[in-house]
Amino acid sequence: MSGGSARSLAKGSAPPGPVPQGLIRVYSMRFCPFAQRTLLVLKAKGIGHEIININLKNKPEWFFTKNPFGLVPVLENSQGQLIYESAITCEYLDEAYPGKKLLPDDPYEKACQKMVFELFSKVPPLVTSFIRRQNNEDGSGLKEELRKEFSKLEEVLTNKKTTFFGGNSLSMIDYLIWPWFERLEVLELNECVDHTPKLKLWMAAMREDPAVSSLLIETKAFRGFLDLYLQNSPEACDYGL
Amino acid sequence: MEDATRTFGKGSCPPGPVPEGLIRVYSMRFCPFAHRTRLVLRAKGIRHEVININLRNKPEWYYTKHPFGQIPVLENSKCQLIYESVIACEYLDDAYPGRKLYPYDPYERARQKMLLELFYKVPHLTKECLVAIRCGRKCADLKLALRQEFCNLEEILGYQNTVFFGGDCISMIDYLFWPWFERLDVYGIADCLNHTPALRLWTAAMKQDPTVCALLIDRSIFLGFLNLYFQNNPDAFDYGLTC
């Protein structure tokens with residue numbers, strides 16, 4: 001895997017060349033939870049890829065030709081095809097590449113994973129709001145809302161009686177929601193899973209997964225990134241390099 | 001039409017299990033989200049039964065089908081429940097044989113899903129326009145915002161140079177967009193297409209599609225529904241039924 005620890009490309013940088021045959025490229029950012037979804041799937045499926053990190057506080061002009069919304073992650077293949085929106089990139093990889101299928105073949109089980117994904121959908125904006133809250137706000141309201149969302153997920157695990165959200169093995173839905181749970185500790189939001197024991201067990205089981213553990217972000221690095229990011233510093237995305 | 005049945009409201013008996021060989025959709029005759037699912041059922045020739053729900057007076061039992069009582073919901077004979085209109089449509093395409101509405105190619109499938117992201121503001125904006133107009137408020141800003149969304153879609157058609165959003169034949173993405181375009185006229189905002197000729201051509205082509213045609217809602221019945229709906233009349237949902 002090349003490029004995961006590479007400096008990001010910023011305004012004024014030259015656009016990268018075409019993607020070599022046999023590889024797929026992901027435009028990413030080392031601390032972005034949405035891009036982490038795509039990296040997890042690439043890793044889990046053993047897909048040969050290259051990573052180009054983008055400076056999200058100082059975006060290269062050419063990046064908008066890859067994604068008009070200017071967001072990561074974006075996939076680019078050697079045919080020049082571009083795919084964006086993290087969930088769409090993950091599903092594309094699962095369909096386009098051989099090996100272990102992360103989404104179930106059974107249409108109903110697949111639909112169930114998508115319904116759980118919908119259930120999860122309020123978590124990212126809540127975490128973002130919590131991160132961005134002003135210093136005098138104590139965040140207790142947001143924490144309570146997060147607890148509520150986590151209870152819904154706990155209910156899924158209770159009803160299914162399985163370790164993971166898709167059954168007894170790890171699958172797509174687990175990877176799609178993981179990045180936000182990884183960040184709970186560094187954001188001091190771990191207390192939000194105090195009343196959801198199955199979710200806690202799931203988090204521990206996730207950390208054992210090879211793809212998850214290989215992409216774990218070091219706490220100090222994340223803290224360093226976050227402080228700079230909240231100050232809109234163009235150095236944020238390369239913190240620790 | 002298969003869905004020309006009276007709604008189930010509060011106090012109604014829950015329907016029995018779904019018979020083998022059929023799939024059930026909980027719906028409402030005028031709901032655009034449920035319309036998506038009915039289009040797919042029709043397009044794929046899937047045998048189904050429709051249970052209409054009175055959305056202003058929901059049956060207590062309906063919350064066992066959907067935690068928030070929303071439609072559409074699919075229920076099959078194995079008692080499996082699927083909701084969120086897009087998820088339901090994809091489930092039907094995956095689970096049933098015959099004509100595939102999503103492309104086979106993973107990239108083309110991804111393209112359709114990316115196009116759907118482009119559409120996400122349209123349902124909210126069209127509803128806001130409708131409510132504003134019906135409540136006698138000005139909605140110039142809303143219409144402007146809607147026109148901007150339509151311009152984005154126009155650009156796609158221009159760039160692709162195809163009649164439909166998925167290519168030269170109608171496919172899933174067209175059915176997923178259609179219900180809001182069918183409603184522009186009856187909502188009073190058809191002029192939002194004035195500057196988007198390719199989109200107008202697309203709506204004309206859509207109206208030629210047998211599935212779209214078969215489910216087209218009669219204009220005067222729709223207006224009758226809207227009149228009652230905005231008067232908060234719970235009989236709105238059954239407007240136009242003769243049985």
# chains A, B, ... in the order shown; residues from 1 in each chain; ligands from 1
call {"tool": "select_by_dssp", "arguments": {"residues": "range 43-80 of chain B", "states": "helix (DSSP H, G or I)", "output": "PDB file with N, CA, C and O atoms, in the first residue's frame"}}
result
ATOM      1  N   ALA B  43     -42.747  -2.120 -12.941  1.00  0.00           N
ATOM      2  CA  ALA B  43     -41.761  -2.267 -14.015  1.00  0.00           C
ATOM      3  C   ALA B  43     -41.218  -3.692 -14.092  1.00  0.00           C
ATOM      4  O   ALA B  43     -40.900  -4.198 -15.167  1.00  0.00           O
ATOM      5  N   GLU B  60     -52.420   1.785  15.064  1.00  0.00           N
ATOM      6  CA  GLU B  60     -51.431   1.464  16.101  1.00  0.00           C
ATOM      7  C   GLU B  60     -50.519   0.331  15.623  1.00  0.00           C
ATOM      8  O   GLU B  60     -49.316   0.349  15.858  1.00  0.00           O
ATOM      9  N   TRP B  61     -51.135  -0.660  14.926  1.00  0.00           N
ATOM     10  CA  TRP B  61     -50.347  -1.828  14.504  1.00  0.00           C
ATOM     11  C   TRP B  61     -49.273  -1.458  13.493  1.00  0.00           C
ATOM     12  O   TRP B  61     -48.294  -2.182  13.309  1.00  0.00           O
ATOM     13  N   TYR B  62     -49.431  -0.306  12.812  1.00  0.00           N
ATOM     14  CA  TYR B  62     -48.473   0.024  11.762  1.00  0.00           C
ATOM     15  C   TYR B  62     -47.061   0.278  12.304  1.00  0.00           C
ATOM     16  O   TYR B  62     -46.071   0.088  11.606  1.00  0.00           O
ATOM     17  N   TYR B  63     -46.993   0.697  13.589  1.00  0.00           N
ATOM     18  CA  TYR B  63     -45.668   0.933  14.175  1.00  0.00           C
ATOM     19  C   TYR B  63     -44.890  -0.362  14.392  1.00  0.00           C
ATOM     20  O   TYR B  63     -43.691  -0.308  14.675  1.00  0.00           O
ATOM     21  N   THR B  64     -45.550  -1.512  14.238  1.00  0.00           N
ATOM     22  CA  THR B  64     -44.811  -2.778  14.273  1.00  0.00           C
ATOM     23  C   THR B  64     -44.179  -3.057  12.904  1.00  0.00           C
ATOM     24  O   THR B  64     -43.344  -3.938  12.765  1.00  0.00           O
TER      25      THR B  64
END
call {"tool": "residues_around", "arguments": {"residues": "range 165-179 of chain A", "least_positions_apart": "3", "cutoff": "8 Å", "atoms": "only C-alpha atoms", "output": "list in words"}}
result
Pro33, Phe34, Gln36, Arg37, Leu40, Val41, Ala87, Leu102, Leu103, Glu109, Gln113, Lys114, Val116, Phe117, Phe120, Val156, Leu157, Lys160, Thr162, Glu182, Arg183, Met203 and Met206 of chain A
call {"tool": "write_last_selection", "arguments": {"atoms": "N, CA, C and O atoms", "output": "short mmCIF file (atom, residue, chain, number, x, y, z; two decimals), in the first residue's frame"}}
result
data_model
loop_
_atom_site.label_atom_id
_atom_site.label_comp_id
_atom_site.auth_asym_id
_atom_site.auth_seq_id
_atom_site.Cartn_x
_atom_site.Cartn_y
_atom_site.Cartn_z
N PRO A 33 -12.79 10.29 8.71
CA PRO A 33 -13.52 9.04 8.99
C PRO A 33 -14.22 8.48 7.75
O PRO A 33 -14.35 7.26 7.60
N PHE A 34 -14.67 9.37 6.87
CA PHE A 34 -15.36 8.90 5.66
C PHE A 34 -14.37 8.17 4.74
O PHE A 34 -14.66 7.11 4.21
N GLN A 36 -11.71 6.77 5.73
CA GLN A 36 -11.28 5.56 6.42
C GLN A 36 -12.15 4.37 6.06
O GLN A 36 -11.69 3.23 5.99
N ARG A 37 -13.44 4.64 5.78
CA ARG A 37 -14.34 3.57 5.35
C ARG A 37 -13.76 2.87 4.11
O ARG A 37 -13.68 1.65 4.05
N LEU A 40 -10.59 0.93 4.77
CA LEU A 40 -10.90 -0.34 5.45
C LEU A 40 -11.31 -1.41 4.43
O LEU A 40 -10.86 -2.55 4.51
N VAL A 41 -12.16 -1.02 3.50
CA VAL A 41 -12.63 -1.99 2.51
C VAL A 41 -11.49 -2.42 1.59
O VAL A 41 -11.34 -3.60 1.28
N ALA A 87 -19.94 5.69 1.02
CA ALA A 87 -20.69 4.43 0.99
C ALA A 87 -20.74 3.86 -0.43
O ALA A 87 -20.69 2.64 -0.63
N LEU A 102 -18.09 -8.40 1.17
CA LEU A 102 -18.40 -7.75 2.44
C LEU A 102 -19.90 -7.51 2.60
O LEU A 102 -20.41 -7.45 3.72
N LEU A 103 -20.58 -7.35 1.46
CA LEU A 103 -22.04 -7.23 1.51
C LEU A 103 -22.63 -8.61 1.27
O LEU A 103 -22.13 -9.36 0.43
N GLU A 109 -30.77 -9.66 3.55
CA GLU A 109 -29.67 -9.36 4.46
C GLU A 109 -28.94 -8.10 4.03
O GLU A 109 -28.50 -7.30 4.85
N GLN A 113 -28.53 -4.48 6.13
CA GLN A 113 -27.30 -3.71 6.36
C GLN A 113 -27.56 -2.25 6.00
O GLN A 113 -27.09 -1.34 6.70
N LYS A 114 -28.30 -2.01 4.93
CA LYS A 114 -28.58 -0.64 4.52
C LYS A 114 -29.53 0.05 5.50
O LYS A 114 -29.41 1.25 5.77
N VAL A 116 -29.61 -0.59 8.74
CA VAL A 116 -28.77 -0.26 9.91
C VAL A 116 -27.95 0.98 9.60
O VAL A 116 -27.77 1.85 10.46
N PHE A 117 -27.46 1.07 8.37
CA PHE A 117 -26.70 2.24 7.95
C PHE A 117 -27.53 3.51 8.11
O PHE A 117 -27.04 4.53 8.58
N PHE A 120 -27.77 4.55 11.67
CA PHE A 120 -26.50 5.14 12.13
C PHE A 120 -26.35 6.58 11.66
O PHE A 120 -25.54 7.33 12.19
N VAL A 156 -30.33 -3.26 17.83
CA VAL A 156 -30.08 -4.13 16.67
C VAL A 156 -29.27 -5.35 17.11
O VAL A 156 -29.63 -6.49 16.78
N LEU A 157 -28.21 -5.11 17.86
CA LEU A 157 -27.36 -6.22 18.31
C LEU A 157 -28.14 -7.15 19.24
O LEU A 157 -27.98 -8.38 19.18
N LYS A 160 -30.54 -9.21 17.05
CA LYS A 160 -29.85 -10.16 16.18
C LYS A 160 -29.11 -11.25 16.96
O LYS A 160 -28.86 -12.32 16.44
N THR A 162 -26.08 -11.34 17.66
CA THR A 162 -24.77 -11.64 17.07
C THR A 162 -23.76 -10.59 17.52
O THR A 162 -24.13 -9.54 18.02
N GLU A 182 -14.11 4.50 16.64
CA GLU A 182 -12.68 4.58 16.91
C GLU A 182 -12.35 5.92 17.56
O GLU A 182 -11.47 6.01 18.41
N ARG A 183 -13.08 6.97 17.15
CA ARG A 183 -12.75 8.33 17.61
C ARG A 183 -13.39 8.68 18.95
O ARG A 183 -13.12 9.74 19.52
N MET A 203 -17.14 -3.03 19.83
CA MET A 203 -15.97 -2.19 19.62
C MET A 203 -14.69 -2.97 19.89
O MET A 203 -13.71 -2.88 19.15
N MET A 206 -14.07 -5.39 17.11
CA MET A 206 -13.60 -4.69 15.91
C MET A 206 -12.10 -4.45 15.97
O MET A 206 -11.40 -4.58 14.98
#
call {"tool": "interface_residues", "arguments": {"of": "chain A", "to": "chain B", "cutoff": "7 Å", "atoms": "only C-alpha atoms", "output": "PyMOL selection string"}}
result
chain A and resi 83+88+92+95-96+107-108+111+114
call {"tool": "atom_distance", "arguments": {"atom1": "CA of Val73 in chain B", "atom2": "CA of Tyr26 in chain B"}}
result
5.1 Å
call {"tool": "residues_around", "arguments": {"residues": "Thr211 in chain B", "least_positions_apart": "6", "cutoff": "10 Å", "atoms": "only C-alpha atoms", "output": "JSON, numbers by chain"}}
result
{"B": [38, 39, 40, 41, 42, 43, 44, 45, 175]}
call {"tool": "select_by_dssp", "arguments": {"residues": "range 41-203 of chain A", "states": "strand (DSSP E or B)", "output": "PyMOL selection string"}}
result
chain A and resi 49-54+74-76+82-84+164+167
call {"tool": "residues_around", "arguments": {"residues": "range 217-226 of chain A", "least_positions_apart": "4", "cutoff": "9 Å", "atoms": "only C-alpha atoms", "output": "PyMOL selection string"}}
result
chain A and resi 30-31+131+182-183+185-187+213+230-231+235-240
call {"tool": "write_last_selection", "arguments": {"atoms": "N, CA, C and O atoms", "output": "mmCIF file, in the first residue's frame"}}
result
data_model
loop_
_atom_site.group_PDB
_atom_site.id
_atom_site.type_symbol
_atom_site.label_atom_id
_atom_site.label_comp_id
_atom_site.auth_asym_id
_atom_site.auth_seq_id
_atom_site.Cartn_x
_atom_site.Cartn_y
_atom_site.Cartn_z
ATOM 1 N N ARG A 30 -5.608 11.531 5.970
ATOM 2 C CA ARG A 30 -5.223 10.541 6.991
ATOM 3 C C ARG A 30 -6.163 10.449 8.190
ATOM 4 O O ARG A 30 -6.222 9.431 8.854
ATOM 5 N N PHE A 31 -6.873 11.547 8.467
ATOM 6 C CA PHE A 31 -7.712 11.574 9.666
ATOM 7 C C PHE A 31 -9.213 11.594 9.352
ATOM 8 O O PHE A 31 -10.036 11.727 10.250
ATOM 9 N N ILE A 131 -17.528 18.128 18.093
ATOM 10 C CA ILE A 131 -16.155 18.586 17.882
ATOM 11 C C ILE A 131 -16.113 20.096 17.695
ATOM 12 O O ILE A 131 -15.222 20.781 18.191
ATOM 13 N N GLU A 182 -14.108 4.495 16.637
ATOM 14 C CA GLU A 182 -12.682 4.585 16.913
ATOM 15 C C GLU A 182 -12.345 5.924 17.556
ATOM 16 O O GLU A 182 -11.469 6.013 18.409
ATOM 17 N N ARG A 183 -13.077 6.975 17.153
ATOM 18 C CA ARG A 183 -12.755 8.328 17.607
ATOM 19 C C ARG A 183 -13.391 8.683 18.954
ATOM 20 O O ARG A 183 -13.116 9.737 19.518
ATOM 21 N N GLU A 185 -12.930 7.582 21.959
ATOM 22 C CA GLU A 185 -11.997 7.723 23.079
ATOM 23 C C GLU A 185 -11.253 9.058 23.021
ATOM 24 O O GLU A 185 -11.243 9.812 23.991
ATOM 25 N N VAL A 186 -10.676 9.365 21.870
ATOM 26 C CA VAL A 186 -9.873 10.584 21.776
ATOM 27 C C VAL A 186 -10.747 11.832 21.922
ATOM 28 O O VAL A 186 -10.292 12.887 22.350
ATOM 29 N N LEU A 187 -12.034 11.701 21.611
ATOM 30 C CA LEU A 187 -12.943 12.831 21.757
ATOM 31 C C LEU A 187 -13.569 12.884 23.152
ATOM 32 O O LEU A 187 -14.414 13.729 23.423
ATOM 33 N N SER A 213 -7.221 -2.865 12.817
ATOM 34 C CA SER A 213 -6.038 -2.570 13.636
ATOM 35 C C SER A 213 -4.902 -1.986 12.813
ATOM 36 O O SER A 213 -4.144 -1.150 13.310
ATOM 37 N N LEU A 230 -9.247 22.561 13.750
ATOM 38 C CA LEU A 230 -10.252 23.490 14.279
ATOM 39 C C LEU A 230 -9.781 24.943 14.172
ATOM 40 O O LEU A 230 -10.586 25.871 14.213
ATOM 41 N N GLN A 231 -8.466 25.116 14.023
ATOM 42 C CA GLN A 231 -7.938 26.466 13.794
ATOM 43 C C GLN A 231 -7.809 26.762 12.302
ATOM 44 O O GLN A 231 -7.224 27.772 11.909
ATOM 45 N N GLU A 235 -1.746 23.162 7.944
ATOM 46 C CA GLU A 235 -0.786 22.121 8.365
ATOM 47 C C GLU A 235 -1.478 20.911 8.975
ATOM 48 O O GLU A 235 -0.861 19.879 9.214
ATOM 49 N N ALA A 236 -2.774 21.075 9.265
ATOM 50 C CA ALA A 236 -3.491 20.039 10.029
ATOM 51 C C ALA A 236 -3.376 18.663 9.397
ATOM 52 O O ALA A 236 -3.015 17.682 10.056
ATOM 53 N N CYS A 237 -3.690 18.589 8.098
ATOM 54 C CA CYS A 237 -3.804 17.286 7.435
ATOM 55 C C CYS A 237 -2.490 16.513 7.403
ATOM 56 O O CYS A 237 -2.494 15.299 7.237
ATOM 57 N N ASP A 238 -1.358 17.229 7.576
ATOM 58 C CA ASP A 238 -0.066 16.543 7.549
ATOM 59 C C ASP A 238 0.542 16.389 8.930
ATOM 60 O O ASP A 238 1.725 16.059 9.062
ATOM 61 N N TYR A 239 -0.257 16.626 9.974
ATOM 62 C CA TYR A 239 0.270 16.533 11.338
ATOM 63 C C TYR A 239 0.937 15.183 11.578
ATOM 64 O O TYR A 239 0.410 14.143 11.247
ATOM 65 N N GLY A 240 2.117 15.250 12.153
ATOM 66 C CA GLY A 240 2.807 14.017 12.519
ATOM 67 C C GLY A 240 3.726 13.473 11.447
ATOM 68 O O GLY A 240 4.472 12.524 11.689
#
call {"tool": "closest_residue", "arguments": {"among": "A:Glu144, A:Glu208, A:Glu118, A:Asp227", "to": "Asp194 in chain A", "atoms": "only C-alpha atoms"}}
result
A:Glu144
